[in-house]
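Here's work_0.cif, which has mmCIF, C-alpha atoms and all ligand atoms:
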```cif
data_start
loop_
_atom_site.group_PDB
_atom_site.id
_atom_site.type_symbol
_atom_site.label_atom_id
_atom_site.label_comp_id
_atom_site.auth_asym_id
_atom_site.auth_seq_id
_atom_site.Cartn_x
_atom_site.Cartn_y
_atom_site.Cartn_z
ATOM 1 C CA ALA Y 1 124.461 92.132 80.917
ATOM 2 C CA LEU Y 2 122.153 92.004 83.913
ATOM 3 C CA THR Y 3 120.733 95.513 83.313
ATOM 4 C CA LEU Y 4 117.785 96.181 81.000
ATOM 5 C CA PRO Y 5 117.165 99.139 78.665
ATOM 6 C CA ILE Y 6 114.934 101.797 80.278
ATOM 7 C CA ALA Y 7 111.892 103.012 78.318
ATOM 8 C CA THR Y 8 111.760 106.810 77.903
ATOM 9 C CA THR Y 9 108.936 109.276 77.283
ATOM 10 C CA GLY Y 10 107.013 108.507 74.108
ATOM 11 C CA GLU Y 11 107.292 104.728 74.361
ATOM 12 C CA PRO Y 12 103.744 103.256 74.517
ATOM 13 C CA ILE Y 13 104.640 100.790 77.325
ATOM 14 C CA LEU Y 14 104.814 103.761 79.740
ATOM 15 C CA THR Y 15 101.169 104.671 79.055
ATOM 16 C CA ARG Y 16 99.643 101.204 79.517
ATOM 17 C CA VAL Y 17 98.052 99.742 82.668
ATOM 18 C CA ALA Y 18 100.204 96.889 83.986
ATOM 19 C CA LYS Y 19 98.703 93.386 84.317
ATOM 20 C CA PRO Y 20 98.420 91.559 87.667
ATOM 21 C CA VAL Y 21 101.054 88.896 88.388
ATOM 22 C CA THR Y 22 99.499 85.412 88.704
ATOM 23 C CA GLU Y 23 102.585 83.160 88.357
ATOM 24 C CA PHE Y 24 105.147 83.502 91.181
ATOM 25 C CA ASN Y 25 107.756 81.550 89.212
ATOM 26 C CA GLN Y 26 111.467 81.692 88.372
ATOM 27 C CA GLN Y 27 110.788 84.042 85.437
ATOM 28 C CA LEU Y 28 109.341 86.587 87.905
ATOM 29 C CA VAL Y 29 112.352 86.205 90.220
ATOM 30 C CA GLN Y 30 114.653 86.827 87.253
ATOM 31 C CA LEU Y 31 112.720 89.937 86.209
ATOM 32 C CA THR Y 32 112.986 91.376 89.745
ATOM 33 C CA GLN Y 33 116.736 90.642 89.797
ATOM 34 C CA GLN Y 34 117.216 92.447 86.479
ATOM 35 C CA MET Y 35 115.066 95.372 87.654
ATOM 36 C CA LEU Y 36 117.174 95.680 90.808
ATOM 37 C CA SER Y 37 120.503 95.723 88.958
ATOM 38 C CA THR Y 38 119.069 98.229 86.458
ATOM 39 C CA LEU Y 39 117.882 100.411 89.355
ATOM 40 C CA LEU Y 40 121.216 100.239 91.184
ATOM 41 C CA ALA Y 41 123.185 100.992 88.003
ATOM 42 C CA ALA Y 42 120.960 104.045 87.387
ATOM 43 C CA LYS Y 43 121.360 105.162 91.046
ATOM 44 C CA GLY Y 44 117.598 105.614 91.388
ATOM 45 C CA VAL Y 45 115.327 105.074 94.376
ATOM 46 C CA GLY Y 46 112.659 103.112 92.515
ATOM 47 C CA ILE Y 47 111.832 101.378 89.236
ATOM 48 C CA ALA Y 48 108.633 99.863 87.777
ATOM 49 C CA ALA Y 49 108.372 96.920 85.341
ATOM 50 C CA PRO Y 50 106.885 99.010 82.494
ATOM 51 C CA GLN Y 51 110.085 101.077 82.555
ATOM 52 C CA VAL Y 52 112.026 97.971 81.513
ATOM 53 C CA HIS Y 53 109.384 97.062 78.885
ATOM 54 C CA SER Y 54 107.516 94.505 81.027
ATOM 55 C CA ASN Y 55 103.761 95.024 81.498
ATOM 56 C CA MET Y 56 103.678 93.209 84.864
ATOM 57 C CA ALA Y 57 102.380 94.909 88.040
ATOM 58 C CA VAL Y 58 105.787 94.871 89.747
ATOM 59 C CA PHE Y 59 108.045 97.615 91.126
ATOM 60 C CA ILE Y 60 111.026 97.985 93.426
ATOM 61 C CA MET Y 61 111.525 100.711 96.081
ATOM 62 C CA ALA Y 62 115.069 101.392 97.263
ATOM 63 C CA SER Y 63 115.170 104.602 99.274
ATOM 64 C CA HIS Y 64 118.620 105.974 100.139
ATOM 65 C CA PRO Y 65 119.865 109.439 101.140
ATOM 66 C CA ASN Y 66 120.292 111.684 98.098
ATOM 67 C CA GLU Y 67 121.073 115.346 97.522
ATOM 68 C CA ARG Y 68 117.360 116.177 97.305
ATOM 69 C CA TYR Y 69 116.384 114.111 100.380
ATOM 70 C CA PRO Y 70 119.539 113.875 102.519
ATOM 71 C CA ASP Y 71 117.585 112.344 105.428
ATOM 72 C CA ALA Y 72 115.841 109.734 103.257
ATOM 73 C CA PRO Y 73 115.893 106.353 105.025
ATOM 74 C CA LYS Y 74 118.535 103.916 103.822
ATOM 75 C CA MET Y 75 116.518 100.730 103.268
ATOM 76 C CA ASP Y 76 116.933 97.303 101.699
ATOM 77 C CA PRO Y 77 115.198 97.227 98.307
ATOM 78 C CA ILE Y 78 111.545 96.123 98.573
ATOM 79 C CA VAL Y 79 109.912 94.141 95.734
ATOM 80 C CA VAL Y 80 106.240 95.183 95.438
ATOM 81 C CA ILE Y 81 103.833 92.988 93.426
ATOM 82 C CA ASN Y 82 100.092 93.564 92.693
ATOM 83 C CA PRO Y 83 99.958 96.673 94.926
ATOM 84 C CA SER Y 84 96.805 98.520 95.986
ATOM 85 C CA ILE Y 85 96.395 101.700 97.992
ATOM 86 C CA ILE Y 86 93.964 101.225 100.871
ATOM 87 C CA GLU Y 87 94.143 104.728 102.351
ATOM 88 C CA GLN Y 88 95.838 108.044 101.591
ATOM 89 C CA SER Y 89 96.152 110.953 104.034
ATOM 90 C CA SER Y 90 94.336 114.116 102.931
ATOM 91 C CA GLN Y 91 97.469 115.939 104.099
ATOM 92 C CA GLN Y 92 99.740 116.333 101.042
ATOM 93 C CA VAL Y 93 103.368 117.379 100.740
ATOM 94 C CA ILE Y 94 105.004 118.939 97.670
ATOM 95 C CA GLY Y 95 108.364 117.378 96.808
ATOM 96 C CA GLU Y 96 110.768 117.285 93.907
ATOM 97 C CA GLU Y 97 110.817 114.073 91.896
ATOM 98 C CA GLY Y 98 112.824 112.690 89.025
ATOM 99 C CA CYS Y 99 112.133 109.773 86.694
ATOM 100 C CA LEU Y 100 114.561 107.419 84.972
ATOM 101 C CA SER Y 101 112.212 107.492 81.973
ATOM 102 C CA ILE Y 102 112.287 111.313 81.744
ATOM 103 C CA PRO Y 103 116.001 112.146 81.772
ATOM 104 C CA ASN Y 104 117.342 115.445 83.157
ATOM 105 C CA THR Y 105 113.942 116.453 84.512
ATOM 106 C CA ARG Y 106 112.903 117.442 88.041
ATOM 107 C CA ILE Y 107 109.238 118.206 88.748
ATOM 108 C CA ASN Y 108 107.537 119.301 91.995
ATOM 109 C CA ILE Y 109 104.659 116.927 92.785
ATOM 110 C CA ALA Y 110 102.068 117.026 95.592
ATOM 111 C CA ARG Y 111 101.631 113.604 97.192
ATOM 112 C CA ALA Y 112 99.852 112.208 100.290
ATOM 113 C CA ASP Y 113 102.282 112.218 103.207
ATOM 114 C CA GLN Y 114 100.976 108.912 104.634
ATOM 115 C CA ILE Y 115 99.483 105.875 102.861
ATOM 116 C CA THR Y 116 98.270 102.402 103.822
ATOM 117 C CA VAL Y 117 99.131 99.885 101.110
ATOM 118 C CA LYS Y 118 98.759 96.183 100.370
ATOM 119 C CA TYR Y 119 101.006 94.144 98.063
ATOM 120 C CA GLN Y 120 102.514 90.697 97.520
ATOM 121 C CA THR Y 121 106.183 89.802 98.027
ATOM 122 C CA ARG Y 122 108.121 87.950 95.322
ATOM 123 C CA TYR Y 123 106.966 84.734 97.062
ATOM 124 C CA GLY Y 124 103.293 85.708 96.770
ATOM 125 C CA GLN Y 125 102.854 86.567 100.463
ATOM 126 C CA TRP Y 126 100.443 89.466 101.157
ATOM 127 C CA GLN Y 127 101.820 92.438 103.137
ATOM 128 C CA GLN Y 128 99.919 95.454 104.456
ATOM 129 C CA GLN Y 129 101.949 98.492 105.528
ATOM 130 C CA THR Y 130 101.679 102.173 106.391
ATOM 131 C CA LEU Y 131 104.298 104.277 104.630
ATOM 132 C CA ARG Y 132 105.219 107.908 105.282
ATOM 133 C CA GLY Y 133 107.315 110.704 103.813
ATOM 134 C CA PHE Y 134 109.832 109.923 101.083
ATOM 135 C CA VAL Y 135 109.130 106.180 101.033
ATOM 136 C CA ALA Y 136 105.399 106.896 100.560
ATOM 137 C CA ARG Y 137 106.398 109.243 97.732
ATOM 138 C CA ILE Y 138 108.433 106.535 96.003
ATOM 139 C CA PHE Y 139 105.546 104.044 96.351
ATOM 140 C CA LEU Y 140 103.065 106.513 94.810
ATOM 141 C CA HIS Y 141 105.494 107.403 91.982
ATOM 142 C CA GLU Y 142 105.997 103.701 91.099
ATOM 143 C CA TYR Y 143 102.294 102.904 91.570
ATOM 144 C CA ASP Y 144 101.554 105.630 88.989
ATOM 145 C CA HIS Y 145 103.860 103.843 86.517
ATOM 146 C CA LEU Y 146 101.701 100.701 86.865
ATOM 147 C CA GLN Y 147 98.667 102.830 85.885
ATOM 148 C CA GLY Y 148 100.483 104.248 82.843
ATOM 149 C CA ILE Y 149 100.966 107.628 84.570
ATOM 150 C CA THR Y 150 104.292 109.533 84.684
ATOM 151 C CA LEU Y 151 105.386 112.863 86.209
ATOM 152 C CA LEU Y 152 104.431 114.648 82.961
ATOM 153 C CA GLU Y 153 100.778 113.742 83.471
ATOM 154 C CA ARG Y 154 100.930 114.840 87.120
ATOM 155 C CA GLU Y 155 102.638 118.173 86.533
ATOM 156 C CA GLN Y 156 100.316 121.101 87.364
HETATM 157 O O1 LIG X 201 117.216 109.100 92.802
HETATM 158 C C1 LIG X 201 116.596 109.874 92.094
HETATM 159 C C2 LIG X 201 116.494 109.604 90.573
HETATM 160 S S1 LIG X 201 114.836 109.465 89.892
HETATM 161 C C3 LIG X 201 114.175 108.026 90.633
HETATM 162 O O2 LIG X 201 114.828 107.371 91.406
HETATM 163 C C4 LIG X 201 112.762 107.623 90.248
HETATM 164 C C5 LIG X 201 111.911 107.309 91.458
HETATM 165 C C6 LIG X 201 111.549 108.459 92.340
HETATM 166 C C7 LIG X 201 112.352 109.615 92.458
HETATM 167 C C8 LIG X 201 111.944 110.642 93.306
HETATM 168 C C9 LIG X 201 110.740 110.537 94.008
HETATM 169 C C10 LIG X 201 109.964 109.388 93.883
HETATM 170 C C11 LIG X 201 110.375 108.361 93.060
HETATM 171 C C12 LIG X 201 112.959 106.379 89.427
HETATM 172 C C13 LIG X 201 111.808 105.993 88.543
HETATM 173 F F1 LIG X 201 111.538 106.974 87.707
HETATM 174 F F2 LIG X 201 112.169 104.936 87.847
HETATM 175 F F3 LIG X 201 110.714 105.718 89.225
HETATM 176 C C14 LIG X 201 115.900 111.053 92.710
HETATM 177 C C15 LIG X 201 115.487 112.107 91.898
HETATM 178 C C16 LIG X 201 114.859 113.199 92.471
HETATM 179 C C17 LIG X 201 114.590 113.250 93.843
HETATM 180 C C18 LIG X 201 115.000 112.175 94.638
HETATM 181 C C19 LIG X 201 115.651 111.089 94.076
HETATM 182 ZN ZN ZN X 202 109.358 107.274 87.209
#
```
For this file, produce the structure as C-alpha cells.
Amino acid sequence: ALTLPIATTGEPILTRVAKPVTEFNQQLVQLTQQMLSTLLAAKGVGIAAPQVHSNMAVFIMASHPNERYPDAPKMDPIVVINPSIIEQSSQQVIGEEGCLSIPNTRINIARADQITVKYQTRYGQWQQQTLRGFVARIFLHEYDHLQGITLLEREQ
C-alpha cells in the first residue's frame, strides 16, 4: 500500500524536533509520494513527516475548500523541506484546526494571519514566499509538527 500509518497522540515521534534534510535523493522523493497519498486518503489539508514516523524536516500543504473553510484556496500540493519562518504578522486570527494525529478533535488556535517563509523544494531549490489566511495557518500547523508541537500544546 502506498499510504503510511499515522502516528497519534502519545507516540514519542510527535514530540521530537525533526532533522534537516541534506540528501535530495530518490528515498526523499519516495517519502514525499507516500506522504501525499496518505494525506489524500485521510482527506486532510496538510501532513508532516513525523506524523508518518519519519524524523525529517518535510511537510506537505494541500489546501482545498472544506466545511470549516469553504473559501479555502484549491491548490496543488506543495512539498516543503527545511522550512524557516522569516516574519510573522503581529495581527493574529483565531481559527478552528484539526489534526490527523489527534482524531475527532477540533481546537481553536490563534495564528499570525500573514507570514514570510523560506523552504526548499523536493529538488533542493530555495523558495521564499509570503503566505496569508488559511494557507499560512496550514504552514504554521505543519511547521509546529517539525518542532515536536501539536494542537494540544497550543491549546489555551
Ligand atoms: O482537513 C482537515 C483535517 S485536519 C488536517 O488537515 C491537519 C492540517 C490542518 C488542519 C486545519 C488547519 C491547519 C492545518 C492535518 C495534520 F494534522 F496532519 F496536519 C481540517 C480540519 C479542520 C479545519 C480545516 C481542515
Ligand atoms: Zn497536525
Identify all residues satisfying the PyMOL selection byres (((not hetatm)) within 7 of (chain X and resi 201)) in the given file; provide them as a VMD selection string.
chain Y and resid 43 to 48 51 66 68 to 69 96 to 101 106 137 to 138 141 to 142
Exercise: Tyr123 (chain Y) partners within 10 Å, all atoms listed in the file, chain neighbours under 5 positions left out, as a PyMOL selection string:
chain Y and resi 23-25+28-29+79+81
Could you tell me which of Y:Val21, Y:Leu152, Y:Val117, Y:Leu40 comes closest to Ile102 (chain Y) if we count all atoms listed in the file?
Y:Leu152
Compare Y:Gln128, Y:Thr105, Y:Gln26, Y:Gln156 by their minimum atom-to-atom distance to ligand ZN 202 (chain X), counting all atoms listed in the file, and give me the closest one.
Y:Thr105
Given all atoms listed in the file as the basis, pick out the residue of Y:His145, Y:Ala7, Y:Asp71, Y:Tyr119 nearest to Gly133 (chain Y).
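Closest candidate: Y:Asp71.
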Would you mind putting all heavy atoms back on region 31-42 of chain Y and writing the result as an mmCIF file, in the frame of the given file?
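Contents of result-v1.cif, freshly written:
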```cif
data_model
loop_
_atom_site.group_PDB
_atom_site.id
_atom_site.type_symbol
_atom_site.label_atom_id
_atom_site.label_comp_id
_atom_site.auth_asym_id
_atom_site.auth_seq_id
_atom_site.Cartn_x
_atom_site.Cartn_y
_atom_site.Cartn_z
ATOM 1 N N LEU Y 31 113.079 88.552 86.567
ATOM 2 C CA LEU Y 31 112.720 89.937 86.209
ATOM 3 C C LEU Y 31 113.066 90.883 87.365
ATOM 4 O O LEU Y 31 113.671 91.938 87.152
ATOM 5 C CB LEU Y 31 111.224 90.037 85.892
ATOM 6 C CG LEU Y 31 110.685 91.463 85.705
ATOM 7 C CD1 LEU Y 31 111.265 92.124 84.451
ATOM 8 C CD2 LEU Y 31 109.164 91.472 85.680
ATOM 9 N N THR Y 32 112.726 90.472 88.602
ATOM 10 C CA THR Y 32 112.986 91.376 89.745
ATOM 11 C C THR Y 32 114.487 91.569 89.946
ATOM 12 O O THR Y 32 114.942 92.651 90.309
ATOM 13 C CB THR Y 32 112.320 90.849 91.034
ATOM 14 O OG1 THR Y 32 112.802 89.535 91.303
ATOM 15 C CG2 THR Y 32 110.820 90.837 90.907
ATOM 16 N N GLN Y 33 115.273 90.513 89.665
ATOM 17 C CA GLN Y 33 116.736 90.642 89.797
ATOM 18 C C GLN Y 33 117.278 91.633 88.766
ATOM 19 O O GLN Y 33 118.110 92.482 89.073
ATOM 20 C CB GLN Y 33 117.403 89.273 89.619
ATOM 21 C CG GLN Y 33 117.246 88.361 90.833
ATOM 22 C CD GLN Y 33 117.665 86.917 90.550
ATOM 23 O OE1 GLN Y 33 117.741 86.503 89.382
ATOM 24 N NE2 GLN Y 33 117.903 86.164 91.601
ATOM 25 N N GLN Y 34 116.738 91.536 87.538
ATOM 26 C CA GLN Y 34 117.216 92.447 86.479
ATOM 27 C C GLN Y 34 116.751 93.883 86.745
ATOM 28 O O GLN Y 34 117.482 94.839 86.475
ATOM 29 C CB GLN Y 34 116.713 91.951 85.122
ATOM 30 C CG GLN Y 34 117.373 90.647 84.689
ATOM 31 C CD GLN Y 34 116.845 90.162 83.355
ATOM 32 O OE1 GLN Y 34 115.662 90.260 83.086
ATOM 33 N NE2 GLN Y 34 117.748 89.664 82.517
ATOM 34 N N MET Y 35 115.544 94.018 87.316
ATOM 35 C CA MET Y 35 115.066 95.372 87.654
ATOM 36 C C MET Y 35 115.948 95.984 88.727
ATOM 37 O O MET Y 35 116.312 97.163 88.639
ATOM 38 C CB MET Y 35 113.608 95.298 88.152
ATOM 39 C CG MET Y 35 112.600 95.068 87.060
ATOM 40 S SD MET Y 35 110.935 94.772 87.705
ATOM 41 C CE MET Y 35 110.578 96.374 88.429
ATOM 42 N N LEU Y 36 116.346 95.174 89.709
ATOM 43 C CA LEU Y 36 117.174 95.680 90.808
ATOM 44 C C LEU Y 36 118.532 96.142 90.286
ATOM 45 O O LEU Y 36 118.987 97.252 90.600
ATOM 46 C CB LEU Y 36 117.338 94.620 91.897
ATOM 47 C CG LEU Y 36 118.157 95.065 93.112
ATOM 48 C CD1 LEU Y 36 117.540 96.282 93.786
ATOM 49 C CD2 LEU Y 36 118.282 93.917 94.116
ATOM 50 N N SER Y 37 119.165 95.318 89.439
ATOM 51 C CA SER Y 37 120.503 95.723 88.958
ATOM 52 C C SER Y 37 120.394 96.953 88.060
ATOM 53 O O SER Y 37 121.256 97.838 88.089
ATOM 54 C CB SER Y 37 121.197 94.568 88.242
ATOM 55 O OG SER Y 37 120.319 93.919 87.399
ATOM 56 N N THR Y 38 119.279 97.039 87.306
ATOM 57 C CA THR Y 38 119.069 98.229 86.458
ATOM 58 C C THR Y 38 118.903 99.471 87.330
ATOM 59 O O THR Y 38 119.480 100.526 87.072
ATOM 60 C CB THR Y 38 117.821 98.023 85.577
ATOM 61 O OG1 THR Y 38 117.956 96.819 84.825
ATOM 62 C CG2 THR Y 38 117.607 99.206 84.634
ATOM 63 N N LEU Y 39 118.121 99.306 88.422
ATOM 64 C CA LEU Y 39 117.882 100.411 89.355
ATOM 65 C C LEU Y 39 119.183 100.862 90.011
ATOM 66 O O LEU Y 39 119.491 102.059 90.057
ATOM 67 C CB LEU Y 39 116.868 99.964 90.418
ATOM 68 C CG LEU Y 39 116.622 100.877 91.612
ATOM 69 C CD1 LEU Y 39 116.116 102.231 91.171
ATOM 70 C CD2 LEU Y 39 115.646 100.224 92.571
ATOM 71 N N LEU Y 40 119.969 99.896 90.480
ATOM 72 C CA LEU Y 40 121.216 100.239 91.184
ATOM 73 C C LEU Y 40 122.195 100.909 90.222
ATOM 74 O O LEU Y 40 122.833 101.896 90.557
ATOM 75 C CB LEU Y 40 121.823 98.981 91.826
ATOM 76 C CG LEU Y 40 120.964 98.332 92.920
ATOM 77 C CD1 LEU Y 40 121.622 97.059 93.462
ATOM 78 C CD2 LEU Y 40 120.673 99.298 94.058
ATOM 79 N N ALA Y 41 122.259 100.399 88.995
ATOM 80 C CA ALA Y 41 123.185 100.992 88.003
ATOM 81 C C ALA Y 41 122.778 102.436 87.686
ATOM 82 O O ALA Y 41 123.619 103.300 87.450
ATOM 83 C CB ALA Y 41 123.182 100.151 86.733
ATOM 84 N N ALA Y 42 121.468 102.697 87.713
ATOM 85 C CA ALA Y 42 120.960 104.045 87.387
ATOM 86 C C ALA Y 42 120.961 104.961 88.608
ATOM 87 O O ALA Y 42 120.618 106.130 88.513
ATOM 88 C CB ALA Y 42 119.544 103.942 86.823
#
```
